[in-house]
Amino acid sequence: MAQRVRKVNYCYVTITSRAGQGAKVLGALKDAGINLLAFSGFPSGGGKAQLDLVADRMAPIQRIARNNGWRISKNKKGFLVQGDDEVGACFRSLQKLADQKINVVAADGIAAGKGRFGMLLWVKPKDYRRAARVLNAK
């Protein structure tokens, strides 16, 4: 199967970097019936962590954030790459962008099991449209 690249929307919430805080956020989203396409969490300094929340629809996340008093970012854009897990699976998309001199700000790749992989990747907003064309993102 060929790789599929999707344009995705995401936002992030900044939380205290303490045991259970990420689970609390994800639990509230689960309880609200929000199915995330992906999420990425990492330390952001000063005792804080950032959770990037990727979903088809952002409005439900924004509503839950308001109800829980979370500080949430404006909506942002990225890409979700999915396909067969094989040697060099992440390389193809990254090389296409490199060939066009488009810098990747961040990327997270993972083997998803059953022969599949996924990768989130972000470029600067000024490069987003060009990257979407290069990646043939839908």
# chains A, B, ... in the order shown; residues from 1 in each chain; ligands from 1
$ closest_atom_pairs --of "region 31-65 of chain A" --to "region 76-96 of chain A" --cutoff "9 Å" --atoms "only C-alpha atoms" --output "CSV"
residue,atom,partner,partner_atom,distance
A:Leu37,CA,A:Leu80,CA,8.6
A:Ala38,CA,A:Leu80,CA,8.6
A:Val54,CA,A:Gly78,CA,8.8
$ select_by_dssp --residues "chain A" --states "strand (DSSP E)" --output "PyMOL selection string"
chain A and resi 4-16+38-45+48-55+76-84+104-113+116-123
$ closest_residue --among "A:Phe39, A:Lys24, A:Thr16, A:Asn67" --to "Asp108 (chain A)" --atoms "only C-alpha atoms"
A:Phe39
$ closest_residue --among "A:Trp122, A:Tyr10, A:Phe117, A:Tyr128" --to "Gln62 (chain A)" --atoms "only C-alpha atoms"
A:Tyr10
$ closest_residue --among "A:Leu53, A:Val123, A:Ala131, A:Gly118" --to "Gln100 (chain A)" --atoms "only C-alpha atoms"
A:Ala131
$ atom_distance --atom1 "CA of Lys74 (chain A)" --atom2 "CA of Lys101 (chain A)"
26.9 Å
$ residues_around --residues "Ile15 (chain A)" --least-positions-apart "2" --cutoff "9 Å" --atoms "only C-alpha atoms" --output "PyMOL selection string"
chain A and resi 13+17-18+21-22+25+47-51+70-71
$ write_last_selection --atoms "C-alpha atoms" --output "short mmCIF file (atom, residue, chain, number, x, y, z; two decimals), in the first residue's frame"
data_model
loop_
_atom_site.label_atom_id
_atom_site.label_comp_id
_atom_site.auth_asym_id
_atom_site.auth_seq_id
_atom_site.Cartn_x
_atom_site.Cartn_y
_atom_site.Cartn_z
CA VAL A 13 -2.55 22.31 25.99
CA SER A 17 4.67 18.18 34.39
CA ARG A 18 3.45 15.87 37.16
CA GLN A 21 -1.75 15.26 34.42
CA GLY A 22 -1.60 13.91 30.85
CA VAL A 25 -6.51 15.50 29.94
CA GLY A 47 7.91 22.33 35.20
CA LYS A 48 5.42 22.29 32.31
CA ALA A 49 4.62 19.85 29.52
CA GLN A 50 2.91 20.31 26.17
CA LEU A 51 0.30 17.91 24.80
CA TRP A 70 -7.28 24.45 30.26
CA ARG A 71 -5.05 26.94 28.50
#
$ atom_distance --atom1 "CA of Pro60 (chain A)" --atom2 "CA of Gly45 (chain A)"
27.7 Å
$ atom_distance --atom1 "CA of Gly20 (chain A)" --atom2 "CA of Ser44 (chain A)"
16.5 Å
$ select_by_dssp --residues "chain A" --states "alpha helix (DSSP H)" --output "PyMOL selection string"
chain A and resi 21-31+59-68+89-99+128-135
$ write_last_selection --atoms "C-alpha atoms" --output "compact mmCIF listing (two decimals), in the first residue's frame"
# COMPACT_ATOMS: atom_id res chain seq x y z
CA GLN A 21 -1.75 15.26 34.42
CA GLY A 22 -1.60 13.91 30.85
CA ALA A 23 -3.94 11.06 31.78
CA LYS A 24 -6.36 13.61 33.25
CA VAL A 25 -6.51 15.50 29.94
CA LEU A 26 -6.84 12.34 27.85
CA GLY A 27 -9.47 10.99 30.26
CA ALA A 28 -11.60 14.12 29.89
CA LEU A 29 -11.38 13.83 26.11
CA LYS A 30 -12.31 10.14 26.27
CA ASP A 31 -15.27 10.84 28.56
CA ALA A 59 -14.39 22.50 18.21
CA PRO A 60 -15.14 19.64 20.65
CA ILE A 61 -11.61 19.87 22.05
CA GLN A 62 -11.96 23.62 22.48
CA ARG A 63 -15.27 23.12 24.30
CA ILE A 64 -13.78 20.55 26.69
CA ALA A 65 -10.79 22.85 27.27
CA ARG A 66 -13.10 25.74 28.24
CA ASN A 67 -15.14 23.49 30.53
CA ASN A 68 -11.97 22.30 32.30
CA ALA A 89 8.98 4.37 5.73
CA CYS A 90 9.52 7.77 7.36
CA PHE A 91 12.40 8.62 5.04
CA ARG A 92 10.26 9.12 1.90
CA SER A 93 8.19 12.03 3.17
CA LEU A 94 11.14 13.67 4.88
CA GLN A 95 13.29 13.35 1.75
CA LYS A 96 10.56 14.88 -0.45
CA LEU A 97 10.52 17.92 1.82
CA ALA A 98 14.32 18.10 1.98
CA ASP A 99 14.53 17.98 -1.81
CA TYR A 128 2.58 24.57 4.91
CA ARG A 129 0.90 24.96 1.51
CA ARG A 130 4.05 24.12 -0.40
CA ALA A 131 4.68 21.10 1.83
CA ALA A 132 1.10 19.91 1.27
CA ARG A 133 1.67 20.02 -2.48
CA VAL A 134 5.03 18.24 -2.24
CA LEU A 135 3.55 15.51 -0.04
$ decode --residues "region 30-66 of chain A" --atoms "N, CA and C atoms" --output "mmCIF file, in the first residue's frame"
data_model
loop_
_atom_site.group_PDB
_atom_site.id
_atom_site.type_symbol
_atom_site.label_atom_id
_atom_site.label_comp_id
_atom_site.auth_asym_id
_atom_site.auth_seq_id
_atom_site.Cartn_x
_atom_site.Cartn_y
_atom_site.Cartn_z
ATOM 1 N N LYS A 30 -11.656 11.442 26.435
ATOM 2 C CA LYS A 30 -12.313 10.138 26.274
ATOM 3 C C LYS A 30 -13.748 10.199 26.775
ATOM 4 N N ASP A 31 -13.933 10.755 27.970
ATOM 5 C CA ASP A 31 -15.271 10.843 28.558
ATOM 6 C C ASP A 31 -16.217 11.664 27.689
ATOM 7 N N ALA A 32 -15.675 12.614 26.928
ATOM 8 C CA ALA A 32 -16.490 13.438 26.035
ATOM 9 C C ALA A 32 -16.695 12.779 24.671
ATOM 10 N N GLY A 33 -16.116 11.600 24.486
ATOM 11 C CA GLY A 33 -16.292 10.878 23.219
ATOM 12 C C GLY A 33 -15.423 11.404 22.085
ATOM 13 N N ILE A 34 -14.361 12.099 22.421
ATOM 14 C CA ILE A 34 -13.481 12.666 21.391
ATOM 15 C C ILE A 34 -12.426 11.636 21.021
ATOM 16 N N ASN A 35 -12.406 11.266 19.755
ATOM 17 C CA ASN A 35 -11.450 10.299 19.240
ATOM 18 C C ASN A 35 -10.288 11.049 18.598
ATOM 19 N N LEU A 36 -9.150 11.024 19.235
ATOM 20 C CA LEU A 36 -7.965 11.692 18.689
ATOM 21 C C LEU A 36 -7.357 10.858 17.574
ATOM 22 N N LEU A 37 -6.856 11.517 16.553
ATOM 23 C CA LEU A 37 -6.073 10.844 15.528
ATOM 24 C C LEU A 37 -4.684 10.531 16.075
ATOM 25 N N ALA A 38 -4.170 11.433 16.903
ATOM 26 C CA ALA A 38 -2.842 11.273 17.495
ATOM 27 C C ALA A 38 -2.675 12.292 18.601
ATOM 28 N N PHE A 39 -1.677 12.050 19.428
ATOM 29 C CA PHE A 39 -1.248 13.068 20.375
ATOM 30 C C PHE A 39 0.230 12.873 20.622
ATOM 31 N N SER A 40 0.866 13.939 21.012
ATOM 32 C CA SER A 40 2.288 13.913 21.334
ATOM 33 C C SER A 40 2.484 14.757 22.576
ATOM 34 N N GLY A 41 3.207 14.235 23.532
ATOM 35 C CA GLY A 41 3.468 14.977 24.761
ATOM 36 C C GLY A 41 4.953 15.048 25.038
ATOM 37 N N PHE A 42 5.392 16.186 25.542
ATOM 38 C CA PHE A 42 6.819 16.381 25.802
ATOM 39 C C PHE A 42 7.005 17.535 26.776
ATOM 40 N N PRO A 43 8.147 17.560 27.476
ATOM 41 C CA PRO A 43 8.406 18.655 28.406
ATOM 42 C C PRO A 43 8.616 19.968 27.656
ATOM 43 N N SER A 44 8.130 21.040 28.248
ATOM 44 C CA SER A 44 8.311 22.351 27.606
ATOM 45 C C SER A 44 9.094 23.313 28.494
ATOM 46 N N GLY A 45 9.606 22.819 29.603
ATOM 47 C CA GLY A 45 10.436 23.638 30.484
ATOM 48 C C GLY A 45 9.641 24.274 31.604
ATOM 49 N N GLY A 46 10.342 24.654 32.644
ATOM 50 C CA GLY A 46 9.715 25.337 33.763
ATOM 51 C C GLY A 46 8.686 24.510 34.491
ATOM 52 N N GLY A 47 8.862 23.182 34.514
ATOM 53 C CA GLY A 47 7.909 22.326 35.204
ATOM 54 C C GLY A 47 6.613 22.118 34.444
ATOM 55 N N LYS A 48 6.620 22.430 33.158
ATOM 56 C CA LYS A 48 5.424 22.292 32.313
ATOM 57 C C LYS A 48 5.665 21.248 31.229
ATOM 58 N N ALA A 49 4.581 20.772 30.650
ATOM 59 C CA ALA A 49 4.623 19.851 29.516
ATOM 60 C C ALA A 49 3.594 20.315 28.502
ATOM 61 N N GLN A 50 3.826 19.956 27.252
ATOM 62 C CA GLN A 50 2.908 20.313 26.173
ATOM 63 C C GLN A 50 2.313 19.039 25.595
ATOM 64 N N LEU A 51 0.992 19.013 25.454
ATOM 65 C CA LEU A 51 0.301 17.914 24.800
ATOM 66 C C LEU A 51 -0.288 18.431 23.502
ATOM 67 N N ASP A 52 0.205 17.919 22.378
ATOM 68 C CA ASP A 52 -0.369 18.242 21.072
ATOM 69 C C ASP A 52 -1.523 17.281 20.829
ATOM 70 N N LEU A 53 -2.692 17.810 20.524
ATOM 71 C CA LEU A 53 -3.911 17.025 20.337
ATOM 72 C C LEU A 53 -4.351 17.143 18.884
ATOM 73 N N VAL A 54 -4.295 16.036 18.160
ATOM 74 C CA VAL A 54 -4.606 16.008 16.732
ATOM 75 C C VAL A 54 -5.968 15.351 16.549
ATOM 76 N N ALA A 55 -6.879 16.047 15.872
ATOM 77 C CA ALA A 55 -8.235 15.516 15.682
ATOM 78 C C ALA A 55 -8.826 16.012 14.375
ATOM 79 N N ASP A 56 -9.848 15.297 13.919
ATOM 80 C CA ASP A 56 -10.563 15.736 12.711
ATOM 81 C C ASP A 56 -11.305 17.043 12.960
ATOM 82 N N ARG A 57 -11.871 17.163 14.153
ATOM 83 C CA ARG A 57 -12.645 18.361 14.495
ATOM 84 C C ARG A 57 -12.081 18.958 15.772
ATOM 85 N N MET A 58 -11.795 20.244 15.733
ATOM 86 C CA MET A 58 -11.176 20.908 16.875
ATOM 87 C C MET A 58 -12.201 21.518 17.839
ATOM 88 N N ALA A 59 -13.392 21.835 17.361
ATOM 89 C CA ALA A 59 -14.390 22.496 18.206
ATOM 90 C C ALA A 59 -14.703 21.707 19.484
ATOM 91 N N PRO A 60 -14.879 20.375 19.403
ATOM 92 C CA PRO A 60 -15.142 19.642 20.647
ATOM 93 C C PRO A 60 -13.982 19.723 21.645
ATOM 94 N N ILE A 61 -12.763 19.744 21.159
ATOM 95 C CA ILE A 61 -11.608 19.866 22.055
ATOM 96 C C ILE A 61 -11.618 21.240 22.712
ATOM 97 N N GLN A 62 -11.907 22.272 21.932
ATOM 98 C CA GLN A 62 -11.957 23.624 22.477
ATOM 99 C C GLN A 62 -13.041 23.740 23.551
ATOM 100 N N ARG A 63 -14.173 23.086 23.324
ATOM 101 C CA ARG A 63 -15.269 23.125 24.297
ATOM 102 C C ARG A 63 -14.856 22.433 25.606
ATOM 103 N N ILE A 64 -14.237 21.271 25.499
ATOM 104 C CA ILE A 64 -13.782 20.553 26.691
ATOM 105 C C ILE A 64 -12.718 21.375 27.419
ATOM 106 N N ALA A 65 -11.846 22.013 26.664
ATOM 107 C CA ALA A 65 -10.794 22.845 27.272
ATOM 108 C C ALA A 65 -11.419 23.982 28.089
ATOM 109 N N ARG A 66 -12.414 24.653 27.508
ATOM 110 C CA ARG A 66 -13.100 25.737 28.236
ATOM 111 C C ARG A 66 -13.749 25.205 29.508
#
